[in-house]
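Participant: Please read through the structure below; I'll follow up with questions.
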2 protein chains.
Amino acid sequence: MMMEKQFQNSSYSVTAEPIRVGVLGFGGLGQAAARVLAPKQQMLWVAATDLKGYAYDAAGLNPDHCIKTYHSQGSLGYLEPTGILSNQTIPDLIAQASVDGYFLALPNLPNTFMADVARKFIAAGWQGVLVDALKRTSAVEQLLELQEELQAAGITYMTGCGATPGLLTAAAALAAQSYAEIHQVTITFGVGIANWEAYRATIREDIAHLPGYNVELAKGMSDAEVEALLEETDGILKLENMEHADDVMLELAGICPRDRVTVGGIVDTRNPKKPLSTNVQITGRTFEGKISTHTFTLGDETSMAANVCGPAFGYLKAGVSLHQRGIYGLFTAAEVMPMFVS
Amino acid sequence: MMMEKQFQNSSYSVTAEPIRVGVLGFGGLGQAAARVLAPKQQMLWVAATDLKGYAYDAAGLNPDHCIKTYHSQGSLGYLEPTGILSNQTIPDLIAQASVDGYFLALPNLPNTFMADVARKFIAAGWQGVLVDALKRTSAVEQLLELQEELQAAGITYMTGCGATPGLLTAAAALAAQSYAEIHQVTITFGVGIANWEAYRATIREDIAHLPGYNVELAKGMSDAEVEALLEETDGILKLENMEHADDVMLELAGICPRDRVTVGGIVDTRNPKKPLSTNVQITGRTFEGKISTHTFTLGDETSMAANVCGPAFGYLKAGVSLHQRGIYGLFTAAEVMPMFVS
């Protein structure tokens, strides 16, 4: 009780009503988002879309029910009794649903996709909070061009709010505080997934970073072609100098030029155990002239889903706080402290 | 140029004019703050106080000059040509100086001291940003009682914005994002200082945490008594279950009840090398039911001064951004993302 009372008194407190949340996209990430949301008191999961349909229930959706319908029938549009089939699921949902904030758990490809979705919200005259877990620098740059339109529309858009960019970028921005100058930010991730087919889009995004591949090539690969590639590499994808928006986000936050930020990692598509502990190292010079490195390391037992969806909803809550104060426009995970959602 | 341009476009950008900063207190921490500030483009150090005098120069103070005067003559009041001797340095400086934000680099003892200073700013009708690096829970609780008065006065007060609480508390708040529930936050610090006499107040604050000591006893110790105690322990202070405001700050941020937060550490008063790497471990349960631990570790080469003053000015900059938007009241380091000061 004491805690709740003090929390309510905080200048950053949100209303007692739960935040009504929608999830756009219902692949591996969207489904994980539904499971992350379900037990939360401060948020209510009311809406979701996939390519062929959507579901909206002001009283809240049931993750088991939704996931089962999606797997058995191929779309949330078949959900009883609230599912609706549509060939323009996002505009239809925006028009129908009362939602405070959407998590865009959509494929990152093509790079213009998330900005196109943002334009749909602007065009619809919708006001609220949008959160993405975008990865590529060029995709965030597309959104930067919408800064003024988002502000004018009354939308608070939080970009790059997953694990990396997101949690680790924010950790780098925080760690930078000890230094007068930042020399290097190195993000190294380890991802282990038992079954890559649960993350078809994500794995193609990773493949696009490999030498000899690009976004178009990776997106066009059949499942059999992905399988054949993974057969060659024993299921391991080793990624270096990836195009990752951590760089532009840290540059925008005034921390360091983007060329001092590097992202790489190892993805094991056949083993849920992480091949290495995901971490970010921040090297800089202190005011006394000492060179040192802070390190933020994620616990190996935390899944990609936990490290992406948790921050996404933490930033969504922070976005609602900004939106309630009339603060609109584009923000990155490196600029705003996410709020814990209980 | 690109970086500067984009930074200016950011919704959180500050004005091109440097932030005018005052430092209250000119012991070890205040002097380090002056050295941290000196090279910064985005801040200008214009004011400082000690017990017996103050200095204010709208064009900026020189750290070497100030520190030399303080050491040779005992007060900034003797600084030529701007020093003024006073027996009420803080109210006198508030009345005279044009300052956007003050860093309260004042002794933490007695526990009511920082709240008393805040009341002086309120009484003077001053508006701007105040930042402290308070340590004790009870001291932050004193400030919590001023929440409404600070809001009404138009003051944005950032509390607990040093290293711990501060940088490590914010890292814990960030790390919490991966978890559905937080079980334990454990902060363990290592401090190495070559010469404790440069940090007389800080060392007494540490001694007050030892079994058999309290704030009053520690504050009343002569230098010889401190020396005798350190002789017994080979210069090592081992601190456990310290009363540290990280607990109330994480509770206020809604992350976990305060009894799940523990702070301890080892201070070596005879060796600048840290006896262990300062770190915070955040253990929680993910939405899938996994128990895991994230760890944020500070580089050993970063000094207490770098880890306290850097964040303090980062939070001061964030506070100015809030203040410019008309957002007043009390905030903690766990609620607001500090902004990098270049």
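Labeling convention for the structure tokens: chains A, B, ... as they appear, residues from 1 per chain, ligands from 1 in order of appearance.
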If you run DSSP over the backbone, which residues in stretch 230-339 of chain A end up alpha helix (DSSP H)? Put them as a PyMOL selection string.

Facilitator: chain A and resi 230-232+246-252+304-324

Participant: Skip B:Met304 itself and residues of its chain fewer than 3 positions away, then list as a PyMOL selection string all residues within 12 Å of it, counting only C-alpha atoms.

Facilitator: (chain A and resi 178-179+286-288) or (chain B and resi 28-29+32-33+133+162-164+167+189-194+199+202+267+272-274+277-278+298-301+307-311)

Participant: The selected residues should be written to file as a PDB file, in the first residue's frame (atoms: C-alpha atoms).

Facilitator:
ATOM      1  CA  SER A 178      30.768   8.762 -16.201  1.00  0.00           C
ATOM      2  CA  TYR A 179      32.836  10.019 -19.117  1.00  0.00           C
ATOM      3  CA  THR A 286      36.970  10.528 -17.711  1.00  0.00           C
ATOM      4  CA  PHE A 287      37.476  14.178 -16.815  1.00  0.00           C
ATOM      5  CA  GLU A 288      40.781  13.177 -15.177  1.00  0.00           C
TER       6      GLU A 288
ATOM      7  CA  GLY B  28      36.333  17.222  -2.547  1.00  0.00           C
ATOM      8  CA  LEU B  29      33.084  16.735  -4.447  1.00  0.00           C
ATOM      9  CA  ALA B  32      35.782  17.694  -8.667  1.00  0.00           C
ATOM     10  CA  ALA B  33      32.507  19.123 -10.003  1.00  0.00           C
ATOM     11  CA  ALA B 133      23.883  13.312  -4.904  1.00  0.00           C
ATOM     12  CA  GLY B 162      25.249  10.665  -8.110  1.00  0.00           C
ATOM     13  CA  ALA B 163      26.776   7.211  -8.555  1.00  0.00           C
ATOM     14  CA  THR B 164      24.799   5.265  -5.975  1.00  0.00           C
ATOM     15  CA  LEU B 167      23.897   5.968 -12.053  1.00  0.00           C
ATOM     16  CA  PHE B 189      30.627  -0.729  -4.610  1.00  0.00           C
ATOM     17  CA  GLY B 190      34.343  -0.580  -4.440  1.00  0.00           C
ATOM     18  CA  VAL B 191      35.988   2.743  -3.707  1.00  0.00           C
ATOM     19  CA  GLY B 192      39.688   3.387  -3.584  1.00  0.00           C
ATOM     20  CA  ILE B 193      41.036   6.759  -2.536  1.00  0.00           C
ATOM     21  CA  ALA B 194      44.666   7.631  -2.137  1.00  0.00           C
ATOM     22  CA  TYR B 199      37.064  13.453   1.270  1.00  0.00           C
ATOM     23  CA  THR B 202      32.323  11.409   2.608  1.00  0.00           C
ATOM     24  CA  VAL B 267      36.173   1.465   0.775  1.00  0.00           C
ATOM     25  CA  PRO B 272      43.399   4.608  -5.273  1.00  0.00           C
ATOM     26  CA  LYS B 273      42.872   1.123  -6.779  1.00  0.00           C
ATOM     27  CA  LYS B 274      39.324  -0.129  -6.205  1.00  0.00           C
ATOM     28  CA  SER B 277      34.527  -3.539  -9.322  1.00  0.00           C
ATOM     29  CA  THR B 278      31.443  -1.530  -8.456  1.00  0.00           C
ATOM     30  CA  LEU B 298      31.646   0.185 -13.711  1.00  0.00           C
ATOM     31  CA  GLY B 299      35.144   0.296 -15.143  1.00  0.00           C
ATOM     32  CA  ASP B 300      37.726   0.270 -12.330  1.00  0.00           C
ATOM     33  CA  GLU B 301      39.559   3.281 -13.743  1.00  0.00           C
ATOM     34  CA  ASN B 307      30.816   8.507 -11.427  1.00  0.00           C
ATOM     35  CA  VAL B 308      29.127  11.068  -9.169  1.00  0.00           C
ATOM     36  CA  CYS B 309      29.693  14.369 -10.978  1.00  0.00           C
ATOM     37  CA  GLY B 310      29.101  13.065 -14.505  1.00  0.00           C
ATOM     38  CA  PRO B 311      25.603  11.763 -13.741  1.00  0.00           C
TER      39      PRO B 311
END

Participant: For a test of reading the model, state the distance in Å between atom CA of B:Val99 and atom CA of A:Met337, rounded to one decimal.

Facilitator: 26.3 Å

Participant: Taking only C-alpha atoms into account, which of B:Tyr157, B:Trp196, B:Tyr213, B:Tyr78 comes nearest chain A?

Facilitator: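 Under the stated criterion, the closest residue is B:Tyr157.
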
Participant: Among stretch 19-201 of chain A, which ones does DSSP place in strand (DSSP E), written as a tab-separated table (two decimals) with all heavy atoms, in the first residue's frame?

Facilitator:
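Result file out.tsv:
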chain	number	residue	atom	x	y	z
A	19	ILE	N	-3.54	1.20	-19.05
A	19	ILE	CA	-3.27	1.69	-20.40
A	19	ILE	C	-3.78	0.65	-21.39
A	19	ILE	O	-3.43	-0.53	-21.29
A	19	ILE	CB	-1.75	1.91	-20.57
A	19	ILE	CG1	-1.26	3.00	-19.62
A	19	ILE	CG2	-1.42	2.26	-22.02
A	19	ILE	CD1	0.26	3.09	-19.51
A	20	ARG	N	-4.59	1.08	-22.35
A	20	ARG	CA	-5.15	0.15	-23.34
A	20	ARG	C	-4.16	0.01	-24.48
A	20	ARG	O	-3.81	0.98	-25.13
A	20	ARG	CB	-6.49	0.68	-23.84
A	20	ARG	CG	-7.54	0.76	-22.72
A	20	ARG	CD	-8.70	1.63	-23.12
A	20	ARG	NE	-8.25	2.99	-23.44
A	20	ARG	CZ	-9.04	3.95	-23.91
A	20	ARG	NH1	-10.32	3.71	-24.12
A	20	ARG	NH2	-8.56	5.14	-24.17
A	21	VAL	N	-3.70	-1.23	-24.68
A	21	VAL	CA	-2.59	-1.48	-25.60
A	21	VAL	C	-3.03	-2.34	-26.78
A	21	VAL	O	-3.76	-3.33	-26.60
A	21	VAL	CB	-1.43	-2.18	-24.86
A	21	VAL	CG1	-0.29	-2.51	-25.82
A	21	VAL	CG2	-0.93	-1.31	-23.72
A	22	GLY	N	-2.58	-1.95	-27.96
A	22	GLY	CA	-2.75	-2.77	-29.14
A	22	GLY	C	-1.41	-3.28	-29.63
A	22	GLY	O	-0.38	-2.65	-29.41
A	23	VAL	N	-1.42	-4.44	-30.26
A	23	VAL	CA	-0.19	-5.02	-30.82
A	23	VAL	C	-0.42	-5.23	-32.31
A	23	VAL	O	-1.34	-5.95	-32.70
A	23	VAL	CB	0.14	-6.37	-30.12
A	23	VAL	CG1	1.34	-7.03	-30.80
A	23	VAL	CG2	0.42	-6.15	-28.64
A	24	LEU	N	0.40	-4.56	-33.12
A	24	LEU	CA	0.30	-4.74	-34.57
A	24	LEU	C	1.32	-5.77	-35.01
A	24	LEU	O	2.51	-5.61	-34.79
A	24	LEU	CB	0.55	-3.41	-35.30
A	24	LEU	CG	-0.37	-2.24	-34.94
A	24	LEU	CD1	-0.15	-1.08	-35.91
A	24	LEU	CD2	-1.84	-2.65	-34.96
A	43	MET	N	-1.58	-2.41	-17.64
A	43	MET	CA	-1.89	-2.40	-19.07
A	43	MET	C	-2.97	-3.43	-19.36
A	43	MET	O	-3.07	-4.45	-18.67
A	43	MET	CB	-0.64	-2.70	-19.90
A	43	MET	CG	0.37	-1.56	-19.89
A	43	MET	SD	1.71	-1.77	-21.08
A	43	MET	CE	2.49	-0.15	-20.93
A	44	LEU	N	-3.76	-3.15	-20.39
A	44	LEU	CA	-4.80	-4.08	-20.82
A	44	LEU	C	-4.65	-4.28	-22.33
A	44	LEU	O	-4.69	-3.31	-23.09
A	44	LEU	CB	-6.18	-3.50	-20.49
A	44	LEU	CG	-7.38	-4.39	-20.83
A	44	LEU	CD1	-7.36	-5.68	-20.01
A	44	LEU	CD2	-8.68	-3.61	-20.59
A	45	TRP	N	-4.44	-5.53	-22.72
A	45	TRP	CA	-4.26	-5.85	-24.13
A	45	TRP	C	-5.62	-5.97	-24.82
A	45	TRP	O	-6.37	-6.90	-24.55
A	45	TRP	CB	-3.48	-7.16	-24.27
A	45	TRP	CG	-3.24	-7.57	-25.68
A	45	TRP	CD1	-2.80	-6.80	-26.70
A	45	TRP	CD2	-3.45	-8.88	-26.24
A	45	TRP	NE1	-2.71	-7.53	-27.86
A	45	TRP	CE2	-3.10	-8.80	-27.60
A	45	TRP	CE3	-3.87	-10.10	-25.71
A	45	TRP	CZ2	-3.17	-9.91	-28.45
A	45	TRP	CZ3	-3.95	-11.20	-26.54
A	45	TRP	CH2	-3.60	-11.10	-27.90
A	46	VAL	N	-5.94	-5.01	-25.66
A	46	VAL	CA	-7.29	-4.94	-26.22
A	46	VAL	C	-7.36	-5.17	-27.72
A	46	VAL	O	-8.46	-5.38	-28.25
A	46	VAL	CB	-7.98	-3.57	-25.90
A	46	VAL	CG1	-8.16	-3.40	-24.39
A	46	VAL	CG2	-7.19	-2.40	-26.49
A	47	ALA	N	-6.22	-5.09	-28.41
A	47	ALA	CA	-6.29	-5.16	-29.88
A	47	ALA	C	-5.06	-5.81	-30.48
A	47	ALA	O	-3.96	-5.69	-29.93
A	47	ALA	CB	-6.46	-3.75	-30.46
A	48	ALA	N	-5.25	-6.50	-31.59
A	48	ALA	CA	-4.13	-7.10	-32.32
A	48	ALA	C	-4.50	-7.26	-33.78
A	48	ALA	O	-5.68	-7.44	-34.12
A	48	ALA	CB	-3.75	-8.45	-31.71
A	49	THR	N	-3.47	-7.18	-34.63
A	49	THR	CA	-3.69	-7.40	-36.06
A	49	THR	C	-2.71	-8.43	-36.59
A	49	THR	O	-1.63	-8.64	-36.03
A	49	THR	CB	-3.43	-6.12	-36.90
A	49	THR	OG1	-2.05	-5.74	-36.75
A	49	THR	CG2	-4.33	-4.97	-36.50
A	53	GLY	N	-6.40	-10.11	-40.78
A	53	GLY	CA	-7.52	-9.79	-39.91
A	53	GLY	C	-7.07	-9.15	-38.63
A	53	GLY	O	-5.87	-8.93	-38.42
A	54	TYR	N	-8.05	-8.83	-37.79
A	54	TYR	CA	-7.71	-8.22	-36.50
A	54	TYR	C	-8.76	-8.58	-35.47
A	54	TYR	O	-9.84	-9.11	-35.81
A	54	TYR	CB	-7.58	-6.70	-36.63
A	54	TYR	CG	-8.84	-5.97	-37.02
A	54	TYR	CD1	-9.69	-5.44	-36.04
A	54	TYR	CD2	-9.19	-5.80	-38.36
A	54	TYR	CE1	-10.85	-4.76	-36.40
A	54	TYR	CE2	-10.35	-5.13	-38.72
A	54	TYR	CZ	-11.17	-4.61	-37.74
A	54	TYR	OH	-12.32	-3.94	-38.09
A	55	ALA	N	-8.40	-8.33	-34.22
A	55	ALA	CA	-9.34	-8.59	-33.12
A	55	ALA	C	-9.28	-7.40	-32.17
A	55	ALA	O	-8.20	-6.86	-31.91
A	55	ALA	CB	-8.95	-9.87	-32.38
A	56	TYR	N	-10.43	-6.99	-31.70
A	56	TYR	CA	-10.51	-5.88	-30.74
A	56	TYR	C	-11.56	-6.21	-29.71
A	56	TYR	O	-12.68	-6.60	-30.04
A	56	TYR	CB	-10.87	-4.57	-31.45
A	56	TYR	CG	-11.19	-3.45	-30.48
A	56	TYR	CD1	-10.22	-2.97	-29.61
A	56	TYR	CD2	-12.47	-2.90	-30.42
A	56	TYR	CE1	-10.52	-1.97	-28.71
A	56	TYR	CE2	-12.78	-1.90	-29.51
A	56	TYR	CZ	-11.80	-1.43	-28.66
A	56	TYR	OH	-12.10	-0.45	-27.75
A	83	GLY	N	-13.18	-11.31	-33.80
A	83	GLY	CA	-12.28	-11.22	-34.96
A	83	GLY	C	-12.98	-10.70	-36.21
A	83	GLY	O	-14.16	-10.97	-36.43
A	84	ILE	N	-12.24	-9.95	-37.01
A	84	ILE	CA	-12.78	-9.42	-38.26
A	84	ILE	C	-11.73	-9.59	-39.35
A	84	ILE	O	-10.58	-9.16	-39.18
A	84	ILE	CB	-13.15	-7.92	-38.12
A	84	ILE	CG1	-14.31	-7.77	-37.11
A	84	ILE	CG2	-13.53	-7.32	-39.48
A	84	ILE	CD1	-14.71	-6.34	-36.84
A	85	LEU	N	-12.11	-10.22	-40.44
A	85	LEU	CA	-11.20	-10.36	-41.58
A	85	LEU	C	-11.19	-9.05	-42.36
A	85	LEU	O	-12.22	-8.38	-42.48
A	85	LEU	CB	-11.67	-11.52	-42.47
A	85	LEU	CG	-11.51	-12.90	-41.82
A	85	LEU	CD1	-12.32	-13.95	-42.58
A	85	LEU	CD2	-10.03	-13.29	-41.77
A	101	GLY	N	-2.04	3.12	-26.78
A	101	GLY	CA	-0.74	2.96	-27.39
A	101	GLY	C	-0.62	1.64	-28.12
A	101	GLY	O	-1.17	0.63	-27.68
A	102	TYR	N	0.07	1.67	-29.24
A	102	TYR	CA	0.30	0.46	-30.03
A	102	TYR	C	1.78	0.08	-30.00
A	102	TYR	O	2.65	0.94	-30.15
A	102	TYR	CB	-0.08	0.68	-31.50
A	102	TYR	CG	-1.57	0.65	-31.77
A	102	TYR	CD1	-2.29	1.84	-31.88
A	102	TYR	CD2	-2.25	-0.55	-31.93
A	102	TYR	CE1	-3.65	1.83	-32.15
A	102	TYR	CE2	-3.61	-0.56	-32.19
A	102	TYR	CZ	-4.30	0.61	-32.30
A	102	TYR	OH	-5.65	0.60	-32.57
A	103	PHE	N	2.04	-1.22	-29.83
A	103	PHE	CA	3.38	-1.76	-30.06
A	103	PHE	C	3.40	-2.31	-31.49
A	103	PHE	O	2.62	-3.20	-31.83
A	103	PHE	CB	3.68	-2.86	-29.05
A	103	PHE	CG	4.99	-3.58	-29.28
A	103	PHE	CD1	6.12	-2.92	-29.76
A	103	PHE	CD2	5.11	-4.94	-28.99
A	103	PHE	CE1	7.32	-3.58	-29.97
A	103	PHE	CE2	6.31	-5.61	-29.19
A	103	PHE	CZ	7.41	-4.93	-29.69
A	104	LEU	N	4.30	-1.78	-32.32
A	104	LEU	CA	4.39	-2.20	-33.71
A	104	LEU	C	5.33	-3.40	-33.80
A	104	LEU	O	6.52	-3.26	-34.05
A	104	LEU	CB	4.88	-1.04	-34.59
A	104	LEU	CG	4.21	0.33	-34.36
A	104	LEU	CD1	4.68	1.34	-35.41
A	104	LEU	CD2	2.70	0.23	-34.38
A	128	GLY	N	-2.02	9.31	-29.92
A	128	GLY	CA	-1.64	8.36	-28.87
A	128	GLY	C	-0.15	8.06	-28.99
A	128	GLY	O	0.62	8.87	-29.51
A	129	VAL	N	0.22	6.89	-28.48
A	129	VAL	CA	1.63	6.50	-28.40
A	129	VAL	C	1.89	5.32	-29.32
A	129	VAL	O	1.13	4.35	-29.33
A	129	VAL	CB	2.01	6.13	-26.95
A	129	VAL	CG1	3.46	5.70	-26.87
A	129	VAL	CG2	1.73	7.30	-26.02
A	130	LEU	N	2.95	5.40	-30.10
A	130	LEU	CA	3.40	4.28	-30.92
A	130	LEU	C	4.81	3.90	-30.47
A	130	LEU	O	5.62	4.78	-30.17
A	130	LEU	CB	3.42	4.67	-32.41
A	130	LEU	CG	2.08	5.10	-33.01
A	130	LEU	CD1	2.27	5.54	-34.46
A	130	LEU	CD2	1.05	3.97	-32.93
A	131	VAL	N	5.05	2.60	-30.41
A	131	VAL	CA	6.37	2.10	-30.01
A	131	VAL	C	6.81	1.06	-31.02
A	131	VAL	O	6.03	0.18	-31.38
A	131	VAL	CB	6.32	1.45	-28.60
A	131	VAL	CG1	7.67	0.86	-28.23
A	131	VAL	CG2	5.87	2.45	-27.56
A	132	ASP	N	8.07	1.17	-31.47
A	132	ASP	CA	8.59	0.09	-32.31
A	132	ASP	C	9.86	-0.48	-31.71
A	132	ASP	O	10.45	0.09	-30.79
A	132	ASP	CB	8.81	0.56	-33.76
A	132	ASP	CG	10.00	1.51	-33.92
A	132	ASP	OD1	11.05	1.29	-33.29
A	132	ASP	OD2	9.88	2.47	-34.70
A	155	ILE	N	1.04	12.67	-31.99
A	155	ILE	CA	1.50	11.29	-31.75
A	155	ILE	C	2.86	11.32	-31.08
A	155	ILE	O	3.76	12.06	-31.51
A	155	ILE	CB	1.58	10.50	-33.08
A	155	ILE	CG1	0.16	10.29	-33.65
A	155	ILE	CG2	2.30	9.17	-32.89
A	155	ILE	CD1	0.14	9.69	-35.05
A	156	THR	N	3.01	10.55	-30.01
A	156	THR	CA	4.30	10.38	-29.35
A	156	THR	C	4.86	9.04	-29.81
A	156	THR	O	4.32	7.99	-29.47
A	156	THR	CB	4.14	10.42	-27.82
A	156	THR	OG1	3.49	11.64	-27.46
A	156	THR	CG2	5.48	10.32	-27.12
A	157	TYR	N	5.88	9.09	-30.64
A	157	TYR	CA	6.41	7.89	-31.27
A	157	TYR	C	7.77	7.55	-30.63
A	157	TYR	O	8.71	8.34	-30.69
A	157	TYR	CB	6.57	8.11	-32.78
A	157	TYR	CG	6.83	6.82	-33.56
A	157	TYR	CD1	5.93	6.37	-34.50
A	157	TYR	CD2	7.98	6.06	-33.33
A	157	TYR	CE1	6.16	5.19	-35.21
A	157	TYR	CE2	8.22	4.88	-34.02
A	157	TYR	CZ	7.31	4.46	-34.96
A	157	TYR	OH	7.53	3.28	-35.65
A	158	MET	N	7.86	6.36	-30.04
A	158	MET	CA	9.09	5.90	-29.39
A	158	MET	C	9.73	4.86	-30.31
A	158	MET	O	9.17	3.78	-30.51
A	158	MET	CB	8.77	5.23	-28.05
A	158	MET	CG	7.69	5.93	-27.20
A	158	MET	SD	8.20	7.51	-26.52
A	158	MET	CE	9.45	6.96	-25.35
A	159	THR	N	10.90	5.18	-30.85
A	159	THR	CA	11.52	4.26	-31.81
A	159	THR	C	12.77	3.58	-31.24
A	159	THR	O	13.46	4.14	-30.39
A	159	THR	CB	11.86	4.98	-33.14
A	159	THR	OG1	12.25	3.99	-34.12
A	159	THR	CG2	13.00	5.98	-32.98
A	181	GLU	N	34.14	12.01	-22.61
A	181	GLU	CA	34.10	11.74	-24.05
A	181	GLU	C	33.96	10.23	-24.24
A	181	GLU	O	34.61	9.46	-23.53
A	181	GLU	CB	35.41	12.22	-24.71
A	181	GLU	CG	35.42	12.09	-26.21
A	181	GLU	CD	36.78	12.47	-26.80
A	181	GLU	OE1	37.82	12.20	-26.14
A	181	GLU	OE2	36.81	12.99	-27.91
A	182	ILE	N	33.14	9.84	-25.20
A	182	ILE	CA	32.93	8.42	-25.47
A	182	ILE	C	33.76	8.01	-26.69
A	182	ILE	O	33.64	8.61	-27.76
A	182	ILE	CB	31.43	8.13	-25.72
A	182	ILE	CG1	30.62	8.49	-24.47
A	182	ILE	CG2	31.21	6.66	-26.09
A	182	ILE	CD1	31.06	7.80	-23.20
A	183	HIS	N	34.57	6.98	-26.52
A	183	HIS	CA	35.43	6.52	-27.61
A	183	HIS	C	34.81	5.39	-28.41
A	183	HIS	O	35.00	5.30	-29.61
A	183	HIS	CB	36.78	6.06	-27.05
A	183	HIS	CG	37.58	7.19	-26.46
A	183	HIS	ND1	38.67	6.99	-25.68
A	183	HIS	CD2	37.42	8.53	-26.54
A	183	HIS	CE1	39.17	8.16	-25.30
A	183	HIS	NE2	38.42	9.10	-25.80
A	184	GLN	N	34.10	4.51	-27.72
A	184	GLN	CA	33.61	3.31	-28.39
A	184	GLN	C	32.43	2.72	-27.63
A	184	GLN	O	32.46	2.61	-26.41
A	184	GLN	CB	34.75	2.27	-28.47
A	184	GLN	CG	34.40	0.99	-29.23
A	184	GLN	CD	34.14	1.24	-30.70
A	184	GLN	OE1	34.84	2.01	-31.35
A	184	GLN	NE2	33.11	0.61	-31.25
A	185	VAL	N	31.40	2.35	-28.37
A	185	VAL	CA	30.28	1.58	-27.80
A	185	VAL	C	30.20	0.29	-28.61
A	185	VAL	O	30.04	0.33	-29.84
A	185	VAL	CB	28.95	2.35	-27.88
A	185	VAL	CG1	27.79	1.47	-27.39
A	185	VAL	CG2	29.01	3.65	-27.09
A	186	THR	N	30.37	-0.84	-27.95
A	186	THR	CA	30.38	-2.14	-28.63
A	186	THR	C	29.27	-3.01	-28.07
A	186	THR	O	29.29	-3.37	-26.89
A	186	THR	CB	31.74	-2.84	-28.45
A	186	THR	OG1	32.77	-1.96	-28.89
A	186	THR	CG2	31.79	-4.13	-29.25
A	187	ILE	N	28.32	-3.32	-28.92
A	187	ILE	CA	27.21	-4.19	-28.52
A	187	ILE	C	27.46	-5.56	-29.13
A	187	ILE	O	27.72	-5.68	-30.33
A	187	ILE	CB	25.87	-3.61	-29.00
A	187	ILE	CG1	25.55	-2.32	-28.24
A	187	ILE	CG2	24.74	-4.64	-28.83
A	187	ILE	CD1	24.35	-1.56	-28.75
A	188	THR	N	27.44	-6.58	-28.28
A	188	THR	CA	27.65	-7.95	-28.74
A	188	THR	C	26.50	-8.79	-28.19
A	188	THR	O	26.33	-8.88	-26.98
A	188	THR	CB	28.98	-8.52	-28.22
A	188	THR	OG1	30.02	-7.56	-28.48
A	188	THR	CG2	29.33	-9.83	-28.91
A	189	PHE	N	25.72	-9.36	-29.10
A	189	PHE	CA	24.58	-10.12	-28.58
A	189	PHE	C	24.72	-11.60	-28.87
A	189	PHE	O	25.31	-12.02	-29.86
A	189	PHE	CB	23.25	-9.58	-29.12
A	189	PHE	CG	23.08	-9.67	-30.60
A	189	PHE	CD1	22.68	-10.86	-31.20
A	189	PHE	CD2	23.30	-8.56	-31.40
A	189	PHE	CE1	22.52	-10.94	-32.56
A	189	PHE	CE2	23.15	-8.64	-32.77
A	189	PHE	CZ	22.76	-9.83	-33.35
A	190	GLY	N	24.17	-12.36	-27.98
A	190	GLY	CA	24.02	-13.78	-28.18
A	190	GLY	C	22.54	-14.10	-28.16
A	190	GLY	O	21.84	-13.65	-27.26
A	191	VAL	N	22.10	-14.81	-29.18
A	191	VAL	CA	20.69	-15.22	-29.20
A	191	VAL	C	20.65	-16.72	-29.44
A	191	VAL	O	21.33	-17.24	-30.33
A	191	VAL	CB	19.91	-14.50	-30.34
A	191	VAL	CG1	18.50	-15.08	-30.48
A	191	VAL	CG2	19.84	-13.01	-30.08
A	192	GLY	N	19.89	-17.41	-28.64
A	192	GLY	CA	19.66	-18.83	-28.86
A	192	GLY	C	18.17	-19.08	-28.99
A	192	GLY	O	17.40	-18.65	-28.14

Participant: Ranking B:Gly220, B:Val341, B:Gln324, B:Arg285 by minimum distance to B:Gln41 and counting only C-alpha atoms, which one comes first?

Facilitator: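 Using only C-alpha atoms, B:Gln41 sits closest to B:Val341.
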
Participant: Identify, on the basis of only C-alpha atoms, every residue whose closest approach to A:Leu230 does not exceed 12 Å; exclude the query and any residue fewer than 2 positions from it along the same chain; express the result as a list in words.

Facilitator: Asn195, Trp196, Glu197, Ile203, Arg204, Asp206, Ile207, Asp223, Ala224, Glu225, Val226, Glu227, Ala228, Glu232, Thr233, Asp234, Gly235, Ile236, Leu237, Lys238, Val267, Asp268, Thr269 and Arg270 of chain A

Participant: At what distance in Å, to one decimal, does atom CA of A:His209 lie from atom CA of A:Met242?

Facilitator: 6.0 Å

Participant: Just the residues within 7 Å of stretch 106-108 of chain A, please, counting only C-alpha atoms, with nothing from its chain fewer than 4 positions along; format it as a list in words.

Facilitator: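 What passes the distance filter is Leu24, Gly25, Phe113, Leu134 and Ala201 of chain A.
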
Participant: Keeping only N, CA, C and O atoms, write the selected residues to a file as a short mmCIF file (atom, residue, chain, number, x, y, z; two decimals), in the first residue's frame.

Facilitator:
data_model
loop_
_atom_site.label_atom_id
_atom_site.label_comp_id
_atom_site.auth_asym_id
_atom_site.auth_seq_id
_atom_site.Cartn_x
_atom_site.Cartn_y
_atom_site.Cartn_z
N LEU A 24 0.40 -4.56 -33.12
CA LEU A 24 0.30 -4.74 -34.57
C LEU A 24 1.32 -5.77 -35.01
O LEU A 24 2.51 -5.61 -34.79
N GLY A 25 0.82 -6.82 -35.65
CA GLY A 25 1.69 -7.93 -36.05
C GLY A 25 1.53 -9.05 -35.04
O GLY A 25 1.54 -8.80 -33.83
N PHE A 113 8.85 0.24 -44.06
CA PHE A 113 7.56 -0.29 -43.61
C PHE A 113 7.03 0.43 -42.37
O PHE A 113 5.87 0.85 -42.31
N LEU A 134 12.39 -1.34 -33.89
CA LEU A 134 13.17 -1.31 -35.13
C LEU A 134 14.63 -1.61 -34.89
O LEU A 134 15.17 -1.31 -33.85
N ALA A 201 10.58 -13.97 -39.61
CA ALA A 201 10.93 -12.62 -40.08
C ALA A 201 12.26 -12.18 -39.45
O ALA A 201 13.13 -11.64 -40.13
#
